[in-house]
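Here the structure comes first, spelled out in structure tokens, and everything after it is commentary.
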Amino acid sequence: MTTARELDFQTLRDALGPLRDREQVAARLLEASAKHSFDPDTELDWTVPVDEGKWFWPPELVSLYGTPMWRRMSEEQRMDLARHEAASLASLGIWFEIILMQLLVRHIYDKPITSNHVRYALTEIADECRHSMMFGRMIQYGDAPAYQVPRKYHNRARILKTVSTTPGSFAGTLLGEEILDWMQRLTFPDERVQPLVRGVTRIHVVEEARHVRYAREELRRQMVTAPRWERELMKVSCGEAARVFSICFVNPQVYENVGLDRRAAVAQVRASGHRREVMQTGAKRLTDFFEDIGVLNGVGRALWRKSGLLA
């Protein structure tokens, strides 16, 4: 007799198609890492002076762009806000990558230590270590403060990463990587942006492409092989992570630090159609993938809508 679990398993298997061999995927990623990995300390010229006529972040990606407040701001104040928002995003990136490294270490704890899959996870952890240091140097280069995630969300993430299952870990990985990756793909070719910042985003885009591939392949596997309770828990935890991520994306302190009214700025960002479109466009490749593999349904979908990342 066919059980409900077997039927559920087969339905997912049919929807996702054949899974790629885990070891072969990791072998290809290891080969790519050997050819296209960078040491930011030597790859980038950290002594190049700041160009006062260039932005630290493309203006269209600044949170207040196109709002009434933006139209009243001087060009100097707009560029200053972009500098602070770049620092805020870099700070968020460091916070996220520290979480990601912990999740990857947990993932490989029980895996065969000589496998390509584990070797690539360790390679990715090394990449993330370099990225975190690179983002820290970029914050210092821009002479901006490091913007910590609000304490309540910092502690909530402590709980999420502690109870996260393997599917939840890889879904969260993609959430943190793909939206920032989309923005950075617009940044590194933009000649209006500081050369050093363009160099940072170029390195991150090249190396994150491998991380995204690793996470997507493993999440597809987990959506077929994990027990139903684990998949359902992941959908809720991923939706909550999306909600928290959208709140923390830009620290509201940036507005005060450039002489703006914090509450008014936050209200205008929330009401901005342009900002909503930017965030949803940045998340679309991810939400399309999540839709395809069955992540966006039930309570999780409601949380994604609440985050503003799902159109």
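Identifiers for the structure tokens are assigned positionally: chains receive A, B, ... in sequence, residues are indexed from 1 per chain, and ligands are indexed from 1 in the order shown.
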Spatial neighbours of Ala267 in chain A, max dist 12 Å, only C-alpha atoms, sep filter under 3 positions, as a list in words: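 The residues that qualify are Ser63, Leu64, Thr67, Pro68, Met69, Pro252, Tyr255, Asp261, Arg262, Arg263, Ala264, Arg270, Ala271, Ser272 and Arg275 of chain A.
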Please produce a file of those selected residues containing C-alpha atoms, as an mmCIF file, in the first residue's frame.
```cif
data_model
loop_
_atom_site.group_PDB
_atom_site.id
_atom_site.type_symbol
_atom_site.label_atom_id
_atom_site.label_comp_id
_atom_site.auth_asym_id
_atom_site.auth_seq_id
_atom_site.Cartn_x
_atom_site.Cartn_y
_atom_site.Cartn_z
ATOM 1 C CA SER A 63 16.065 53.913 -0.129
ATOM 2 C CA LEU A 64 14.689 57.471 -0.405
ATOM 3 C CA THR A 67 10.431 60.401 -2.649
ATOM 4 C CA PRO A 68 9.390 63.996 -1.768
ATOM 5 C CA MET A 69 12.201 64.072 0.792
ATOM 6 C CA PRO A 252 17.071 53.933 10.069
ATOM 7 C CA TYR A 255 18.724 59.145 8.079
ATOM 8 C CA ASP A 261 14.013 63.297 10.320
ATOM 9 C CA ARG A 262 14.111 59.572 11.027
ATOM 10 C CA ARG A 263 10.373 58.941 11.337
ATOM 11 C CA ALA A 264 9.496 60.975 8.273
ATOM 12 C CA ARG A 270 7.521 52.571 3.235
ATOM 13 C CA ALA A 271 5.178 54.565 0.993
ATOM 14 C CA SER A 272 7.596 54.632 -1.958
ATOM 15 C CA ARG A 275 11.472 51.353 -3.365
#
```
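Look at Ile108 in chain A: the protein and nucleic acid residues within 9 Å of it, using only C-alpha atoms and passing over chain neighbours fewer than 4 places away, are Leu103, Leu104, Pro112, Ile113, His117, Val118, Ala121 and Leu122 of chain A.
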C-alpha atoms of the current selection, written as a compact mmCIF listing (two decimals), in the first residue's frame:
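result20.txt was written with the following content:
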```txt
# COMPACT_ATOMS: atom_id res chain seq x y z
CA LEU A 103 24.91 27.23 9.38
CA LEU A 104 27.39 25.73 6.92
CA PRO A 112 31.81 12.58 5.09
CA ILE A 113 34.83 14.77 5.78
CA HIS A 117 30.48 18.43 -0.78
CA VAL A 118 32.26 19.13 2.51
CA ALA A 121 31.38 24.03 2.05
CA LEU A 122 34.76 24.75 3.68
```
Filtered DSSP result for range 12-199 of chain A, state helix (DSSP H, G or I), as a PyMOL selection string: chain A and resi 12-16+22-35+40-43+59-61+68-72+75-108+116-141+151-163+166-187+195-199
Å distance separating CA of Tyr147 in chain A from CA of Ser88 in chain A, one decimal place: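 Separation of CA of Tyr147 in chain A and CA of Ser88 in chain A: 5.2 Å.
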Point-to-point distance in Å for CA of Ser132 in chain A and CA of Ala87 in chain A: 12.4 Å
Residue nearest Phe289 in chain A among A:Met133, A:Leu174, A:Val258, A:Ala126 (counting only C-alpha atoms):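 Among A:Met133, A:Leu174, A:Val258, A:Ala126, it is A:Leu174 that comes nearest to Phe289 in chain A.
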Using only C-alpha atoms: which of A:Lys161, A:Ser169, A:Lys54, A:Glu128 has the shortest distance to Glu230 in chain A: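 The shortest atom-to-atom distance to Glu230 in chain A comes from A:Ser169.
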Shell of 12 Å around range 306-310 of chain A, only C-alpha atoms, local chain residues under 4 positions omitted, as a PyMOL selection string: chain A and resi 175+178-179+238-249+269-273+275-288+290-291+296-297+299-302
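Atom pair CA of Ile98 in chain A / CA of Ala27 in chain A: separated by 24.7 Å.
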Pick from A:Val205, A:Leu89, A:Val62, A:Val295 nearest to Met223 in chain A, counting only C-alpha atoms: A:Val295
Residue contacts of Asp80 in chain A (9 Å, only C-alpha atoms) excluding same-chain residues fewer than 3 positions away, as JSON, numbers by chain: {"A": [55, 56, 75, 76, 77, 83, 84, 85, 258]}
Using only all heavy atoms, please write the residues we just selected to a file, as a PDB file, in the first residue's frame.
```pdb
ATOM      1  N   TRP A  55      29.542  58.349  -6.324  1.00  0.00           N
ATOM      2  CA  TRP A  55      28.644  57.801  -5.318  1.00  0.00           C
ATOM      3  C   TRP A  55      29.250  56.559  -4.661  1.00  0.00           C
ATOM      4  O   TRP A  55      30.091  55.887  -5.252  1.00  0.00           O
ATOM      5  CB  TRP A  55      27.310  57.405  -5.959  1.00  0.00           C
ATOM      6  CG  TRP A  55      26.530  58.543  -6.545  1.00  0.00           C
ATOM      7  CD1 TRP A  55      26.790  59.194  -7.718  1.00  0.00           C
ATOM      8  CD2 TRP A  55      25.376  59.164  -5.988  1.00  0.00           C
ATOM      9  NE1 TRP A  55      25.858  60.183  -7.928  1.00  0.00           N
ATOM     10  CE2 TRP A  55      24.968  60.183  -6.885  1.00  0.00           C
ATOM     11  CE3 TRP A  55      24.612  58.947  -4.836  1.00  0.00           C
ATOM     12  CZ2 TRP A  55      23.860  60.988  -6.647  1.00  0.00           C
ATOM     13  CZ3 TRP A  55      23.498  59.743  -4.595  1.00  0.00           C
ATOM     14  CH2 TRP A  55      23.127  60.751  -5.494  1.00  0.00           C
ATOM     15  N   PHE A  56      28.768  56.248  -3.463  1.00  0.00           N
ATOM     16  CA  PHE A  56      29.125  54.987  -2.817  1.00  0.00           C
ATOM     17  C   PHE A  56      28.093  53.893  -3.113  1.00  0.00           C
ATOM     18  O   PHE A  56      28.318  52.727  -2.788  1.00  0.00           O
ATOM     19  CB  PHE A  56      29.255  55.180  -1.303  1.00  0.00           C
ATOM     20  CG  PHE A  56      30.641  55.581  -0.872  1.00  0.00           C
ATOM     21  CD1 PHE A  56      31.046  56.906  -0.949  1.00  0.00           C
ATOM     22  CD2 PHE A  56      31.550  54.644  -0.411  1.00  0.00           C
ATOM     23  CE1 PHE A  56      32.314  57.281  -0.573  1.00  0.00           C
ATOM     24  CE2 PHE A  56      32.832  55.002  -0.034  1.00  0.00           C
ATOM     25  CZ  PHE A  56      33.215  56.332  -0.118  1.00  0.00           C
ATOM     26  N   GLU A  75      22.280  67.640  -3.644  1.00  0.00           N
ATOM     27  CA  GLU A  75      23.055  66.538  -4.220  1.00  0.00           C
ATOM     28  C   GLU A  75      24.086  66.026  -3.215  1.00  0.00           C
ATOM     29  O   GLU A  75      24.327  64.813  -3.114  1.00  0.00           O
ATOM     30  CB  GLU A  75      23.750  67.008  -5.505  1.00  0.00           C
ATOM     31  CG  GLU A  75      24.408  65.895  -6.312  1.00  0.00           C
ATOM     32  CD  GLU A  75      23.397  65.025  -7.066  1.00  0.00           C
ATOM     33  OE1 GLU A  75      22.178  65.184  -6.864  1.00  0.00           O
ATOM     34  OE2 GLU A  75      23.844  64.186  -7.860  1.00  0.00           O
ATOM     35  N   GLU A  76      24.684  66.918  -2.468  1.00  0.00           N
ATOM     36  CA  GLU A  76      25.679  66.530  -1.458  1.00  0.00           C
ATOM     37  C   GLU A  76      25.042  65.635  -0.395  1.00  0.00           C
ATOM     38  O   GLU A  76      25.626  64.624   0.014  1.00  0.00           O
ATOM     39  CB  GLU A  76      26.280  67.780  -0.813  1.00  0.00           C
ATOM     40  CG  GLU A  76      27.349  67.459   0.235  1.00  0.00           C
ATOM     41  CD  GLU A  76      27.906  68.719   0.868  1.00  0.00           C
ATOM     42  OE1 GLU A  76      27.438  69.826   0.528  1.00  0.00           O
ATOM     43  OE2 GLU A  76      28.807  68.593   1.727  1.00  0.00           O
ATOM     44  N   GLN A  77      23.840  66.000   0.053  1.00  0.00           N
ATOM     45  CA  GLN A  77      23.175  65.198   1.076  1.00  0.00           C
ATOM     46  C   GLN A  77      22.741  63.834   0.523  1.00  0.00           C
ATOM     47  O   GLN A  77      22.813  62.819   1.220  1.00  0.00           O
ATOM     48  CB  GLN A  77      21.967  65.963   1.618  1.00  0.00           C
ATOM     49  CG  GLN A  77      21.397  65.379   2.913  1.00  0.00           C
ATOM     50  CD  GLN A  77      20.275  66.230   3.474  1.00  0.00           C
ATOM     51  OE1 GLN A  77      19.551  66.905   2.739  1.00  0.00           O
ATOM     52  NE2 GLN A  77      20.122  66.213   4.797  1.00  0.00           N
ATOM     53  N   ARG A  83      26.417  57.010   0.863  1.00  0.00           N
ATOM     54  CA  ARG A  83      27.614  56.519   1.566  1.00  0.00           C
ATOM     55  C   ARG A  83      27.223  55.764   2.836  1.00  0.00           C
ATOM     56  O   ARG A  83      27.750  54.687   3.123  1.00  0.00           O
ATOM     57  CB  ARG A  83      28.524  57.704   1.885  1.00  0.00           C
ATOM     58  CG  ARG A  83      29.782  57.354   2.653  1.00  0.00           C
ATOM     59  CD  ARG A  83      30.707  58.566   2.757  1.00  0.00           C
ATOM     60  NE  ARG A  83      30.098  59.647   3.517  1.00  0.00           N
ATOM     61  CZ  ARG A  83      30.227  59.781   4.854  1.00  0.00           C
ATOM     62  NH1 ARG A  83      30.928  58.893   5.538  1.00  0.00           N
ATOM     63  NH2 ARG A  83      29.667  60.798   5.471  1.00  0.00           N
ATOM     64  N   HIS A  84      26.280  56.334   3.588  1.00  0.00           N
ATOM     65  CA  HIS A  84      25.853  55.685   4.826  1.00  0.00           C
ATOM     66  C   HIS A  84      25.057  54.411   4.545  1.00  0.00           C
ATOM     67  O   HIS A  84      25.187  53.422   5.275  1.00  0.00           O
ATOM     68  CB  HIS A  84      25.041  56.659   5.680  1.00  0.00           C
ATOM     69  CG  HIS A  84      25.896  57.634   6.431  1.00  0.00           C
ATOM     70  ND1 HIS A  84      26.347  57.392   7.712  1.00  0.00           N
ATOM     71  CD2 HIS A  84      26.401  58.837   6.075  1.00  0.00           C
ATOM     72  CE1 HIS A  84      27.088  58.416   8.122  1.00  0.00           C
ATOM     73  NE2 HIS A  84      27.129  59.311   7.140  1.00  0.00           N
ATOM     74  N   GLU A  85      24.239  54.420   3.494  1.00  0.00           N
ATOM     75  CA  GLU A  85      23.477  53.213   3.180  1.00  0.00           C
ATOM     76  C   GLU A  85      24.398  52.096   2.688  1.00  0.00           C
ATOM     77  O   GLU A  85      24.154  50.920   2.970  1.00  0.00           O
ATOM     78  CB  GLU A  85      22.381  53.515   2.159  1.00  0.00           C
ATOM     79  CG  GLU A  85      21.245  54.317   2.756  1.00  0.00           C
ATOM     80  CD  GLU A  85      19.928  54.199   2.003  1.00  0.00           C
ATOM     81  OE1 GLU A  85      19.810  53.333   1.099  1.00  0.00           O
ATOM     82  OE2 GLU A  85      19.011  54.969   2.321  1.00  0.00           O
ATOM     83  N   VAL A 258      22.584  61.833   8.458  1.00  0.00           N
ATOM     84  CA  VAL A 258      22.757  62.804   7.365  1.00  0.00           C
ATOM     85  C   VAL A 258      21.823  64.003   7.550  1.00  0.00           C
ATOM     86  O   VAL A 258      21.599  64.770   6.614  1.00  0.00           O
ATOM     87  CB  VAL A 258      22.541  62.156   5.972  1.00  0.00           C
ATOM     88  CG1 VAL A 258      23.567  61.055   5.741  1.00  0.00           C
ATOM     89  CG2 VAL A 258      21.126  61.623   5.812  1.00  0.00           C
TER      90      VAL A 258
END
```
Residue contacts of Gly199 in chain A (9 Å, only C-alpha atoms) excluding same-chain residues fewer than 6 positions away, as a ChimeraX atom specification: /A:40,43-45,188
Those residues with C-alpha atoms, as a PDB file, in the first residue's frame please?
```
ATOM      1  CA  PRO A  40      40.538  41.443  -1.527  1.00  0.00           C
ATOM      2  CA  GLU A  43      43.210  42.388  -5.461  1.00  0.00           C
ATOM      3  CA  LEU A  44      41.895  45.861  -4.548  1.00  0.00           C
ATOM      4  CA  ASP A  45      43.786  49.125  -4.155  1.00  0.00           C
ATOM      5  CA  PHE A 188      30.023  47.092 -10.232  1.00  0.00           C
TER       6      PHE A 188
END
```
